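In what follows, a single structure is set out as structure tokens and then discussed.
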Amino acid sequence: MNTEVLLAVGYAALLLGGALLLEWLSRHTHNRSQAWRTSGFDYDAQHDFWVCHKGEQLWPTEFDREKRLVRYRAKATVCNACPAKVDCTDSHHGREVTRAVDSWPHSEAGRFHRAIAVMLVVLAVFELAVVLVRNHEPSQIAVLLPLFLLALAVTWWLAVDLIRTPSNFPEAKPAHGNRIGAK
């Protein structure tokens with residue numbers, strides 16, 4: 001077996017593994033962040049409200065289009081009279097919980113990590129394609145082609161989902177009323 005083929009297979013496998021690990025880690029981090037923000041609260045998706053551990057309902061009060069969040073708030077009078085308020089919130093307006101409208105990977109952070117994963121996999125596809133063009137022995141093709149096809153499939157899976165989702169990134173706003181790009 002040619003050293004170039006072995007190195008290409010190892011490098012491509014490392015890139016594929018890195019892309020899939022990045023994908024898993026970013027999803028895991030996103031889910032942990034969501035769970036931390038809503039710890040002690042249960043979401044009722046059917047009626048679109050949150051319930052705190054004392055049974056108070058937090059109803060939607062605002063939709064933030066720029067950050068793509070829904071804000072839920074409990075009644076201030078109930079929260080201020082609650083014995084668990086000290087451990088729950090320091091707000092005098094009631095406890096607030098936010099819920100992202102876009103699930104991972106459709107959030108901006110998810111799209112960023114997904115784009116990096118796509119670039120890693122595309123690099124693996126390119127590397128394998130170059131080595132396949134340079135090496136034509138049946139044993140070399142038998143090693144390279146399955147990994148090449150796997151890399152193509154992973155690229156397709158990641159890229160199609162990335163392309164289908166809207167970016168939702170807020171547009172730049174001019175500072176102090178100046179036009180963007182004006183001198």
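Chain labels run A, B, ... following the order of the structure tokens; each chain numbers its residues from 1, and ligands are numbered from 1 in the order shown.
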
Exercise: region 20-29 of chain A partners within 7 Å, only C-alpha atoms, chain neighbours under 4 positions left out, as a compact mmCIF listing (two decimals) with C-alpha atoms, in the first residue's frame:
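Dumped to part-v9.txt:
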# COMPACT_ATOMS: atom_id res chain seq x y z
CA LEU A 16 -14.41 13.44 9.19
CA SER A 33 -27.14 25.95 27.74
CA TRP A 104 -29.98 23.97 16.98
CA GLY A 110 -25.30 26.24 15.31
CA HIS A 113 -20.33 25.35 13.84
CA ARG A 114 -22.15 23.53 11.04
CA ALA A 117 -17.93 21.04 10.00

Surrounding residues of region 50-61 of chain A excluding itself and chain neighbours under 3 positions, 6 Å, only C-alpha atoms, as number ranges by chain
A: 40-43, 71-74

Export, as a CSV table (one decimal), in the first residue's frame, the selected residues with C-alpha atoms.
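The result, stored in again-v4.csv:
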chain,number,residue,atom,x,y,z
A,40,GLY,CA,-36.5,24.2,37.4
A,41,PHE,CA,-39.1,25.1,34.8
A,42,ASP,CA,-41.2,22.8,32.7
A,43,TYR,CA,-42.4,23.9,29.2
A,71,ARG,CA,-39.7,35.9,26.4
A,72,TYR,CA,-42.0,34.5,29.1
A,73,ARG,CA,-42.7,36.3,32.4
A,74,ALA,CA,-44.5,35.4,35.6

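Checking A:Val9, A:Ala76, A:Val70, A:Ala109 one by one against Val125 (chain A), counting only C-alpha atoms, you find the shortest gap at A:Val9.
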
So which one's closest to Val97 (chain A), A:Val78, A:Leu7, A:Leu123, A:Leu69? Using only C-alpha atoms, please.
A:Leu69

Neighbouring residues of Arg37 (chain A) were defined as those with any atom within 12 Å, considering only C-alpha atoms; residues of the same chain fewer than 6 positions away were excluded. Please report them as a list in words.
His30, Asn31, Cys88, Arg95, Glu96, Val97, Thr98, Arg99 and Ala100 of chain A

Fewer than 4 positions away in the same chain doesn't count, so skip those; otherwise give me all residues within 10 Å of Asn135 (chain A), counting only C-alpha atoms, as an mmCIF file with N, CA and C atoms, in the first residue's frame.
data_model
loop_
_atom_site.group_PDB
_atom_site.id
_atom_site.type_symbol
_atom_site.label_atom_id
_atom_site.label_comp_id
_atom_site.auth_asym_id
_atom_site.auth_seq_id
_atom_site.Cartn_x
_atom_site.Cartn_y
_atom_site.Cartn_z
ATOM 1 N N ASN A 2 0.569 2.192 -0.821
ATOM 2 C CA ASN A 2 1.310 3.431 -0.979
ATOM 3 C C ASN A 2 1.184 4.294 0.296
ATOM 4 N N GLU A 4 1.273 7.483 0.503
ATOM 5 C CA GLU A 4 0.372 8.606 0.225
ATOM 6 C C GLU A 4 -1.077 8.218 0.502
ATOM 7 N N VAL A 5 -1.454 7.026 0.106
ATOM 8 C CA VAL A 5 -2.826 6.547 0.316
ATOM 9 C C VAL A 5 -3.108 6.400 1.809
ATOM 10 N N ALA A 129 -10.233 12.898 -3.212
ATOM 11 C CA ALA A 129 -10.375 12.966 -4.673
ATOM 12 C C ALA A 129 -9.018 13.096 -5.346
ATOM 13 N N VAL A 130 -8.163 13.940 -4.793
ATOM 14 C CA VAL A 130 -6.824 14.119 -5.366
ATOM 15 C C VAL A 130 -6.035 12.811 -5.296
ATOM 16 N N VAL A 131 -6.104 12.146 -4.167
ATOM 17 C CA VAL A 131 -5.353 10.893 -4.004
ATOM 18 C C VAL A 131 -5.944 9.794 -4.889
ATOM 19 N N SER A 139 -6.285 -2.196 -5.058
ATOM 20 C CA SER A 139 -6.248 -2.206 -3.586
ATOM 21 C C SER A 139 -6.337 -0.785 -3.027
ATOM 22 N N GLN A 140 -5.721 0.161 -3.715
ATOM 23 C CA GLN A 140 -5.773 1.550 -3.273
ATOM 24 C C GLN A 140 -7.179 2.123 -3.460
ATOM 25 N N ILE A 141 -7.786 1.810 -4.586
ATOM 26 C CA ILE A 141 -9.151 2.269 -4.845
ATOM 27 C C ILE A 141 -10.115 1.645 -3.842
ATOM 28 N N LEU A 144 -9.665 3.755 -0.693
ATOM 29 C CA LEU A 144 -10.015 5.169 -0.816
ATOM 30 C C LEU A 144 -11.490 5.412 -1.152
#

Per DSSP on the backbone, filter region 9-170 of chain A down to the residues in helix (DSSP H, G or I) and report them as a PDB file with N, CA and C atoms, in the first residue's frame.
ATOM      1  N   VAL A   9      -5.880   8.551   3.804  1.00  0.00           N
ATOM      2  CA  VAL A   9      -6.979   7.890   4.522  1.00  0.00           C
ATOM      3  C   VAL A   9      -6.989   8.329   5.984  1.00  0.00           C
ATOM      4  N   GLY A  10      -5.822   8.365   6.600  1.00  0.00           N
ATOM      5  CA  GLY A  10      -5.744   8.801   7.996  1.00  0.00           C
ATOM      6  C   GLY A  10      -6.172  10.248   8.174  1.00  0.00           C
ATOM      7  N   TYR A  11      -5.698  11.114   7.282  1.00  0.00           N
ATOM      8  CA  TYR A  11      -6.033  12.536   7.366  1.00  0.00           C
ATOM      9  C   TYR A  11      -7.522  12.766   7.117  1.00  0.00           C
ATOM     10  N   ALA A  12      -8.070  12.095   6.104  1.00  0.00           N
ATOM     11  CA  ALA A  12      -9.493  12.243   5.804  1.00  0.00           C
ATOM     12  C   ALA A  12     -10.354  11.707   6.950  1.00  0.00           C
ATOM     13  N   ALA A  13      -9.942  10.581   7.530  1.00  0.00           N
ATOM     14  CA  ALA A  13     -10.687  10.028   8.671  1.00  0.00           C
ATOM     15  C   ALA A  13     -10.617  10.989   9.859  1.00  0.00           C
ATOM     16  N   LEU A  14      -9.471  11.604  10.059  1.00  0.00           N
ATOM     17  CA  LEU A  14      -9.325  12.590  11.130  1.00  0.00           C
ATOM     18  C   LEU A  14     -10.224  13.800  10.882  1.00  0.00           C
ATOM     19  N   LEU A  15     -10.278  14.281   9.653  1.00  0.00           N
ATOM     20  CA  LEU A  15     -11.147  15.417   9.319  1.00  0.00           C
ATOM     21  C   LEU A  15     -12.624  15.067   9.497  1.00  0.00           C
ATOM     22  N   LEU A  16     -13.013  13.871   9.018  1.00  0.00           N
ATOM     23  CA  LEU A  16     -14.408  13.436   9.191  1.00  0.00           C
ATOM     24  C   LEU A  16     -14.763  13.289  10.664  1.00  0.00           C
ATOM     25  N   GLY A  17     -13.878  12.658  11.406  1.00  0.00           N
ATOM     26  CA  GLY A  17     -14.120  12.498  12.841  1.00  0.00           C
ATOM     27  C   GLY A  17     -14.185  13.837  13.555  1.00  0.00           C
ATOM     28  N   GLY A  18     -13.306  14.756  13.175  1.00  0.00           N
ATOM     29  CA  GLY A  18     -13.317  16.096  13.773  1.00  0.00           C
ATOM     30  C   GLY A  18     -14.598  16.843  13.469  1.00  0.00           C
ATOM     31  N   ALA A  19     -15.074  16.724  12.233  1.00  0.00           N
ATOM     32  CA  ALA A  19     -16.326  17.395  11.854  1.00  0.00           C
ATOM     33  C   ALA A  19     -17.511  16.830  12.629  1.00  0.00           C
ATOM     34  N   LEU A  20     -17.579  15.516  12.736  1.00  0.00           N
ATOM     35  CA  LEU A  20     -18.690  14.899  13.469  1.00  0.00           C
ATOM     36  C   LEU A  20     -18.594  15.182  14.963  1.00  0.00           C
ATOM     37  N   LEU A  21     -17.374  15.218  15.502  1.00  0.00           N
ATOM     38  CA  LEU A  21     -17.190  15.571  16.907  1.00  0.00           C
ATOM     39  C   LEU A  21     -17.603  17.023  17.160  1.00  0.00           C
ATOM     40  N   LEU A  22     -17.231  17.925  16.267  1.00  0.00           N
ATOM     41  CA  LEU A  22     -17.642  19.323  16.392  1.00  0.00           C
ATOM     42  C   LEU A  22     -19.155  19.442  16.343  1.00  0.00           C
ATOM     43  N   GLU A  23     -19.765  18.712  15.455  1.00  0.00           N
ATOM     44  CA  GLU A  23     -21.225  18.714  15.330  1.00  0.00           C
ATOM     45  C   GLU A  23     -21.872  18.246  16.639  1.00  0.00           C
ATOM     46  N   TRP A  24     -21.374  17.157  17.189  1.00  0.00           N
ATOM     47  CA  TRP A  24     -21.926  16.615  18.429  1.00  0.00           C
ATOM     48  C   TRP A  24     -21.689  17.572  19.604  1.00  0.00           C
ATOM     49  N   LEU A  25     -20.470  18.097  19.715  1.00  0.00           N
ATOM     50  CA  LEU A  25     -20.148  19.002  20.827  1.00  0.00           C
ATOM     51  C   LEU A  25     -20.968  20.278  20.786  1.00  0.00           C
ATOM     52  N   SER A  26     -21.152  20.844  19.598  1.00  0.00           N
ATOM     53  CA  SER A  26     -21.935  22.083  19.527  1.00  0.00           C
ATOM     54  C   SER A  26     -23.405  21.825  19.854  1.00  0.00           C
ATOM     55  N   ARG A  27     -23.941  20.699  19.423  1.00  0.00           N
ATOM     56  CA  ARG A  27     -25.323  20.353  19.785  1.00  0.00           C
ATOM     57  C   ARG A  27     -25.440  20.128  21.296  1.00  0.00           C
ATOM     58  N   HIS A  28     -24.486  19.404  21.850  1.00  0.00           N
ATOM     59  CA  HIS A  28     -24.488  19.117  23.286  1.00  0.00           C
ATOM     60  C   HIS A  28     -24.390  20.407  24.108  1.00  0.00           C
ATOM     61  N   THR A  29     -23.496  21.298  23.704  1.00  0.00           N
ATOM     62  CA  THR A  29     -23.332  22.572  24.411  1.00  0.00           C
ATOM     63  C   THR A  29     -24.600  23.404  24.323  1.00  0.00           C
ATOM     64  N   HIS A  30     -25.216  23.443  23.157  1.00  0.00           N
ATOM     65  CA  HIS A  30     -26.458  24.191  22.985  1.00  0.00           C
ATOM     66  C   HIS A  30     -27.555  23.637  23.904  1.00  0.00           C
ATOM     67  N   ASN A  31     -27.693  22.323  23.931  1.00  0.00           N
ATOM     68  CA  ASN A  31     -28.725  21.709  24.771  1.00  0.00           C
ATOM     69  C   ASN A  31     -28.472  21.955  26.252  1.00  0.00           C
ATOM     70  N   ARG A  32     -27.204  21.897  26.670  1.00  0.00           N
ATOM     71  CA  ARG A  32     -26.877  22.177  28.079  1.00  0.00           C
ATOM     72  C   ARG A  32     -27.161  23.631  28.423  1.00  0.00           C
ATOM     73  N   SER A  33     -26.871  24.536  27.517  1.00  0.00           N
ATOM     74  CA  SER A  33     -27.137  25.955  27.739  1.00  0.00           C
ATOM     75  C   SER A  33     -28.637  26.191  27.888  1.00  0.00           C
ATOM     76  N   GLN A  34     -29.424  25.571  27.015  1.00  0.00           N
ATOM     77  CA  GLN A  34     -30.881  25.698  27.108  1.00  0.00           C
ATOM     78  C   GLN A  34     -31.395  25.141  28.431  1.00  0.00           C
ATOM     79  N   ALA A  35     -30.883  23.994  28.828  1.00  0.00           N
ATOM     80  CA  ALA A  35     -31.334  23.366  30.074  1.00  0.00           C
ATOM     81  C   ALA A  35     -30.948  24.213  31.282  1.00  0.00           C
ATOM     82  N   TRP A  36     -29.773  24.844  31.243  1.00  0.00           N
ATOM     83  CA  TRP A  36     -29.335  25.678  32.368  1.00  0.00           C
ATOM     84  C   TRP A  36     -30.230  26.908  32.503  1.00  0.00           C
ATOM     85  N   ARG A  37     -30.572  27.532  31.367  1.00  0.00           N
ATOM     86  CA  ARG A  37     -31.404  28.738  31.407  1.00  0.00           C
ATOM     87  C   ARG A  37     -32.806  28.459  31.922  1.00  0.00           C
ATOM     88  N   ALA A  76     -45.561  39.698  38.359  1.00  0.00           N
ATOM     89  CA  ALA A  76     -44.684  40.301  39.370  1.00  0.00           C
ATOM     90  C   ALA A  76     -45.253  40.141  40.774  1.00  0.00           C
ATOM     91  N   THR A  77     -46.541  40.285  40.927  1.00  0.00           N
ATOM     92  CA  THR A  77     -47.152  40.179  42.256  1.00  0.00           C
ATOM     93  C   THR A  77     -46.979  38.785  42.841  1.00  0.00           C
ATOM     94  N   VAL A  78     -47.064  37.780  41.999  1.00  0.00           N
ATOM     95  CA  VAL A  78     -46.907  36.403  42.466  1.00  0.00           C
ATOM     96  C   VAL A  78     -45.446  36.138  42.820  1.00  0.00           C
ATOM     97  N   CYS A  79     -44.525  36.538  41.939  1.00  0.00           N
ATOM     98  CA  CYS A  79     -43.094  36.308  42.187  1.00  0.00           C
ATOM     99  C   CYS A  79     -42.609  37.058  43.420  1.00  0.00           C
ATOM    100  N   ASN A  80     -43.038  38.294  43.578  1.00  0.00           N
ATOM    101  CA  ASN A  80     -42.576  39.090  44.716  1.00  0.00           C
ATOM    102  C   ASN A  80     -43.067  38.534  46.046  1.00  0.00           C
ATOM    103  N   ALA A  81     -44.186  37.826  46.041  1.00  0.00           N
ATOM    104  CA  ALA A  81     -44.720  37.232  47.267  1.00  0.00           C
ATOM    105  C   ALA A  81     -44.239  35.797  47.483  1.00  0.00           C
ATOM    106  N   LYS A  85     -38.402  33.332  45.974  1.00  0.00           N
ATOM    107  CA  LYS A  85     -37.954  34.401  45.071  1.00  0.00           C
ATOM    108  C   LYS A  85     -36.450  34.639  45.169  1.00  0.00           C
ATOM    109  N   VAL A  86     -35.885  34.588  46.357  1.00  0.00           N
ATOM    110  CA  VAL A  86     -34.462  34.859  46.547  1.00  0.00           C
ATOM    111  C   VAL A  86     -33.606  33.880  45.744  1.00  0.00           C
ATOM    112  N   ASP A  87     -34.039  32.647  45.651  1.00  0.00           N
ATOM    113  CA  ASP A  87     -33.290  31.633  44.914  1.00  0.00           C
ATOM    114  C   ASP A  87     -33.618  31.627  43.418  1.00  0.00           C
ATOM    115  N   CYS A  88     -34.663  32.351  43.028  1.00  0.00           N
ATOM    116  CA  CYS A  88     -35.153  32.283  41.653  1.00  0.00           C
ATOM    117  C   CYS A  88     -34.790  33.523  40.836  1.00  0.00           C
ATOM    118  N   GLU A 108     -27.714  30.900  15.097  1.00  0.00           N
ATOM    119  CA  GLU A 108     -26.487  31.420  14.482  1.00  0.00           C
ATOM    120  C   GLU A 108     -25.262  30.634  14.942  1.00  0.00           C
ATOM    121  N   ALA A 109     -25.185  30.313  16.228  1.00  0.00           N
ATOM    122  CA  ALA A 109     -24.042  29.531  16.721  1.00  0.00           C
ATOM    123  C   ALA A 109     -24.036  28.147  16.080  1.00  0.00           C
ATOM    124  N   GLY A 110     -25.204  27.551  15.950  1.00  0.00           N
ATOM    125  CA  GLY A 110     -25.299  26.245  15.305  1.00  0.00           C
ATOM    126  C   GLY A 110     -24.885  26.302  13.843  1.00  0.00           C
ATOM    127  N   ARG A 111     -25.310  27.351  13.144  1.00  0.00           N
ATOM    128  CA  ARG A 111     -24.937  27.505  11.735  1.00  0.00           C
ATOM    129  C   ARG A 111     -23.432  27.722  11.595  1.00  0.00           C
ATOM    130  N   PHE A 112     -22.836  28.483  12.506  1.00  0.00           N
ATOM    131  CA  PHE A 112     -21.399  28.724  12.471  1.00  0.00           C
ATOM    132  C   PHE A 112     -20.635  27.410  12.614  1.00  0.00           C
ATOM    133  N   HIS A 113     -21.004  26.620  13.625  1.00  0.00           N
ATOM    134  CA  HIS A 113     -20.330  25.346  13.845  1.00  0.00           C
ATOM    135  C   HIS A 113     -20.607  24.362  12.698  1.00  0.00           C
ATOM    136  N   ARG A 114     -21.811  24.403  12.175  1.00  0.00           N
ATOM    137  CA  ARG A 114     -22.147  23.532  11.043  1.00  0.00           C
ATOM    138  C   ARG A 114     -21.307  23.901   9.828  1.00  0.00           C
ATOM    139  N   ALA A 115     -21.096  25.196   9.577  1.00  0.00           N
ATOM    140  CA  ALA A 115     -20.288  25.631   8.433  1.00  0.00           C
ATOM    141  C   ALA A 115     -18.837  25.166   8.584  1.00  0.00           C
ATOM    142  N   ILE A 116     -18.312  25.226   9.795  1.00  0.00           N
ATOM    143  CA  ILE A 116     -16.946  24.731  10.020  1.00  0.00           C
ATOM    144  C   ILE A 116     -16.882  23.222   9.761  1.00  0.00           C
ATOM    145  N   ALA A 117     -17.889  22.491  10.237  1.00  0.00           N
ATOM    146  CA  ALA A 117     -17.929  21.041  10.000  1.00  0.00           C
ATOM    147  C   ALA A 117     -18.008  20.743   8.508  1.00  0.00           C
ATOM    148  N   VAL A 118     -18.800  21.517   7.765  1.00  0.00           N
ATOM    149  CA  VAL A 118     -18.897  21.319   6.313  1.00  0.00           C
ATOM    150  C   VAL A 118     -17.542  21.569   5.658  1.00  0.00           C
ATOM    151  N   MET A 119     -16.854  22.616   6.081  1.00  0.00           N
ATOM    152  CA  MET A 119     -15.534  22.902   5.498  1.00  0.00           C
ATOM    153  C   MET A 119     -14.552  21.767   5.770  1.00  0.00           C
ATOM    154  N   LEU A 120     -14.582  21.201   6.966  1.00  0.00           N
ATOM    155  CA  LEU A 120     -13.693  20.085   7.280  1.00  0.00           C
ATOM    156  C   LEU A 120     -13.980  18.878   6.393  1.00  0.00           C
ATOM    157  N   VAL A 121     -15.255  18.581   6.205  1.00  0.00           N
ATOM    158  CA  VAL A 121     -15.628  17.419   5.398  1.00  0.00           C
ATOM    159  C   VAL A 121     -15.318  17.668   3.918  1.00  0.00           C
ATOM    160  N   VAL A 122     -15.531  18.890   3.446  1.00  0.00           N
ATOM    161  CA  VAL A 122     -15.191  19.213   2.052  1.00  0.00           C
ATOM    162  C   VAL A 122     -13.684  19.070   1.838  1.00  0.00           C
ATOM    163  N   LEU A 123     -12.909  19.466   2.822  1.00  0.00           N
ATOM    164  CA  LEU A 123     -11.461  19.291   2.734  1.00  0.00           C
ATOM    165  C   LEU A 123     -11.102  17.806   2.640  1.00  0.00           C
ATOM    166  N   ALA A 124     -11.803  16.971   3.406  1.00  0.00           N
ATOM    167  CA  ALA A 124     -11.570  15.524   3.336  1.00  0.00           C
ATOM    168  C   ALA A 124     -11.945  14.989   1.956  1.00  0.00           C
ATOM    169  N   VAL A 125     -13.065  15.444   1.405  1.00  0.00           N
ATOM    170  CA  VAL A 125     -13.483  15.010   0.063  1.00  0.00           C
ATOM    171  C   VAL A 125     -12.438  15.420  -0.963  1.00  0.00           C
ATOM    172  N   PHE A 126     -11.967  16.646  -0.884  1.00  0.00           N
ATOM    173  CA  PHE A 126     -10.953  17.132  -1.824  1.00  0.00           C
ATOM    174  C   PHE A 126      -9.668  16.314  -1.723  1.00  0.00           C
ATOM    175  N   GLU A 127      -9.217  16.081  -0.504  1.00  0.00           N
ATOM    176  CA  GLU A 127      -7.992  15.297  -0.278  1.00  0.00           C
ATOM    177  C   GLU A 127      -8.132  13.898  -0.884  1.00  0.00           C
ATOM    178  N   LEU A 128      -9.247  13.241  -0.611  1.00  0.00           N
ATOM    179  CA  LEU A 128      -9.459  11.891  -1.123  1.00  0.00           C
ATOM    180  C   LEU A 128      -9.585  11.876  -2.647  1.00  0.00           C
ATOM    181  N   ALA A 129     -10.233  12.898  -3.212  1.00  0.00           N
ATOM    182  CA  ALA A 129     -10.375  12.966  -4.673  1.00  0.00           C
ATOM    183  C   ALA A 129      -9.018  13.096  -5.346  1.00  0.00           C
ATOM    184  N   VAL A 130      -8.163  13.940  -4.793  1.00  0.00           N
ATOM    185  CA  VAL A 130      -6.824  14.119  -5.366  1.00  0.00           C
ATOM    186  C   VAL A 130      -6.035  12.811  -5.296  1.00  0.00           C
ATOM    187  N   VAL A 131      -6.104  12.146  -4.167  1.00  0.00           N
ATOM    188  CA  VAL A 131      -5.353  10.893  -4.004  1.00  0.00           C
ATOM    189  C   VAL A 131      -5.944   9.794  -4.889  1.00  0.00           C
ATOM    190  N   LEU A 132      -7.263   9.785  -5.067  1.00  0.00           N
ATOM    191  CA  LEU A 132      -7.881   8.810  -5.976  1.00  0.00           C
ATOM    192  C   LEU A 132      -7.432   9.034  -7.419  1.00  0.00           C
ATOM    193  N   VAL A 133      -7.293  10.275  -7.820  1.00  0.00           N
ATOM    194  CA  VAL A 133      -6.847  10.570  -9.185  1.00  0.00           C
ATOM    195  C   VAL A 133      -5.407  10.124  -9.388  1.00  0.00           C
ATOM    196  N   ARG A 134      -4.605  10.240  -8.354  1.00  0.00           N
ATOM    197  CA  ARG A 134      -3.175   9.911  -8.469  1.00  0.00           C
ATOM    198  C   ARG A 134      -2.887   8.417  -8.296  1.00  0.00           C
ATOM    199  N   PRO A 138      -6.126  -1.374  -7.805  1.00  0.00           N
ATOM    200  CA  PRO A 138      -7.393  -1.837  -7.215  1.00  0.00           C
ATOM    201  C   PRO A 138      -7.395  -1.828  -5.685  1.00  0.00           C
ATOM    202  N   SER A 139      -6.285  -2.196  -5.058  1.00  0.00           N
ATOM    203  CA  SER A 139      -6.248  -2.206  -3.586  1.00  0.00           C
ATOM    204  C   SER A 139      -6.337  -0.785  -3.027  1.00  0.00           C
ATOM    205  N   GLN A 140      -5.721   0.161  -3.715  1.00  0.00           N
ATOM    206  CA  GLN A 140      -5.773   1.550  -3.273  1.00  0.00           C
ATOM    207  C   GLN A 140      -7.179   2.123  -3.460  1.00  0.00           C
ATOM    208  N   ILE A 141      -7.786   1.810  -4.586  1.00  0.00           N
ATOM    209  CA  ILE A 141      -9.151   2.269  -4.845  1.00  0.00           C
ATOM    210  C   ILE A 141     -10.115   1.645  -3.842  1.00  0.00           C
ATOM    211  N   ALA A 142      -9.884   0.390  -3.503  1.00  0.00           N
ATOM    212  CA  ALA A 142     -10.745  -0.304  -2.534  1.00  0.00           C
ATOM    213  C   ALA A 142     -10.680   0.349  -1.155  1.00  0.00           C
ATOM    214  N   VAL A 143      -9.571   0.956  -0.816  1.00  0.00           N
ATOM    215  CA  VAL A 143      -9.431   1.638   0.474  1.00  0.00           C
ATOM    216  C   VAL A 143      -9.967   3.063   0.398  1.00  0.00           C
ATOM    217  N   LEU A 144      -9.665   3.755  -0.693  1.00  0.00           N
ATOM    218  CA  LEU A 144     -10.015   5.169  -0.816  1.00  0.00           C
ATOM    219  C   LEU A 144     -11.490   5.412  -1.152  1.00  0.00           C
ATOM    220  N   LEU A 145     -12.030   4.624  -2.065  1.00  0.00           N
ATOM    221  CA  LEU A 145     -13.381   4.891  -2.561  1.00  0.00           C
ATOM    222  C   LEU A 145     -14.459   4.835  -1.484  1.00  0.00           C
ATOM    223  N   PRO A 146     -14.499   3.836  -0.591  1.00  0.00           N
ATOM    224  CA  PRO A 146     -15.548   3.841   0.445  1.00  0.00           C
ATOM    225  C   PRO A 146     -15.473   5.073   1.352  1.00  0.00           C
ATOM    226  N   LEU A 147     -14.267   5.477   1.713  1.00  0.00           N
ATOM    227  CA  LEU A 147     -14.126   6.664   2.559  1.00  0.00           C
ATOM    228  C   LEU A 147     -14.528   7.920   1.793  1.00  0.00           C
ATOM    229  N   PHE A 148     -14.189   7.967   0.514  1.00  0.00           N
ATOM    230  CA  PHE A 148     -14.586   9.091  -0.336  1.00  0.00           C
ATOM    231  C   PHE A 148     -16.104   9.195  -0.410  1.00  0.00           C
ATOM    232  N   LEU A 149     -16.772   8.064  -0.635  1.00  0.00           N
ATOM    233  CA  LEU A 149     -18.238   8.058  -0.711  1.00  0.00           C
ATOM    234  C   LEU A 149     -18.873   8.426   0.629  1.00  0.00           C
ATOM    235  N   LEU A 150     -18.281   7.957   1.717  1.00  0.00           N
ATOM    236  CA  LEU A 150     -18.771   8.330   3.046  1.00  0.00           C
ATOM    237  C   LEU A 150     -18.619   9.835   3.264  1.00  0.00           C
ATOM    238  N   ALA A 151     -17.470  10.373   2.885  1.00  0.00           N
ATOM    239  CA  ALA A 151     -17.241  11.810   3.040  1.00  0.00           C
ATOM    240  C   ALA A 151     -18.222  12.613   2.195  1.00  0.00           C
ATOM    241  N   LEU A 152     -18.516  12.142   0.987  1.00  0.00           N
ATOM    242  CA  LEU A 152     -19.512  12.815   0.146  1.00  0.00           C
ATOM    243  C   LEU A 152     -20.893  12.788   0.794  1.00  0.00           C
ATOM    244  N   ALA A 153     -21.261  11.646   1.357  1.00  0.00           N
ATOM    245  CA  ALA A 153     -22.564  11.527   2.014  1.00  0.00           C
ATOM    246  C   ALA A 153     -22.661  12.457   3.223  1.00  0.00           C
ATOM    247  N   VAL A 154     -21.601  12.526   4.021  1.00  0.00           N
ATOM    248  CA  VAL A 154     -21.598  13.412   5.195  1.00  0.00           C
ATOM    249  C   VAL A 154     -21.645  14.869   4.745  1.00  0.00           C
ATOM    250  N   THR A 155     -20.921  15.196   3.686  1.00  0.00           N
ATOM    251  CA  THR A 155     -20.965  16.557   3.148  1.00  0.00           C
ATOM    252  C   THR A 155     -22.383  16.913   2.724  1.00  0.00           C
ATOM    253  N   TRP A 156     -23.007  16.002   2.010  1.00  0.00           N
ATOM    254  CA  TRP A 156     -24.383  16.232   1.551  1.00  0.00           C
ATOM    255  C   TRP A 156     -25.315  16.438   2.742  1.00  0.00           C
ATOM    256  N   TRP A 157     -25.225  15.585   3.736  1.00  0.00           N
ATOM    257  CA  TRP A 157     -26.094  15.657   4.916  1.00  0.00           C
ATOM    258  C   TRP A 157     -25.920  16.988   5.647  1.00  0.00           C
ATOM    259  N   LEU A 158     -24.688  17.396   5.881  1.00  0.00           N
ATOM    260  CA  LEU A 158     -24.430  18.636   6.610  1.00  0.00           C
ATOM    261  C   LEU A 158     -24.750  19.870   5.768  1.00  0.00           C
ATOM    262  N   ALA A 159     -24.331  19.877   4.513  1.00  0.00           N
ATOM    263  CA  ALA A 159     -24.473  21.065   3.671  1.00  0.00           C
ATOM    264  C   ALA A 159     -25.932  21.334   3.304  1.00  0.00           C
ATOM    265  N   VAL A 160     -26.682  20.292   2.978  1.00  0.00           N
ATOM    266  CA  VAL A 160     -28.083  20.497   2.593  1.00  0.00           C
ATOM    267  C   VAL A 160     -28.856  21.115   3.753  1.00  0.00           C
ATOM    268  N   ASP A 161     -28.649  20.628   4.954  1.00  0.00           N
ATOM    269  CA  ASP A 161     -29.336  21.188   6.115  1.00  0.00           C
ATOM    270  C   ASP A 161     -28.897  22.629   6.371  1.00  0.00           C
ATOM    271  N   LEU A 162     -27.633  22.916   6.166  1.00  0.00           N
ATOM    272  CA  LEU A 162     -27.123  24.277   6.353  1.00  0.00           C
ATOM    273  C   LEU A 162     -27.725  25.224   5.321  1.00  0.00           C
ATOM    274  N   ILE A 163     -27.806  24.806   4.079  1.00  0.00           N
ATOM    275  CA  ILE A 163     -28.332  25.651   3.015  1.00  0.00           C
ATOM    276  C   ILE A 163     -29.831  25.879   3.163  1.00  0.00           C
ATOM    277  N   ARG A 164     -30.549  24.877   3.616  1.00  0.00           N
ATOM    278  CA  ARG A 164     -32.011  24.981   3.744  1.00  0.00           C
ATOM    279  C   ARG A 164     -32.463  25.895   4.878  1.00  0.00           C
TER     280      ARG A 164
END

Every residue of chain A that DSSP places in strand (DSSP E), as a ChimeraX atom specification
/A:42-44,49-51,57-64,69-73,96-100
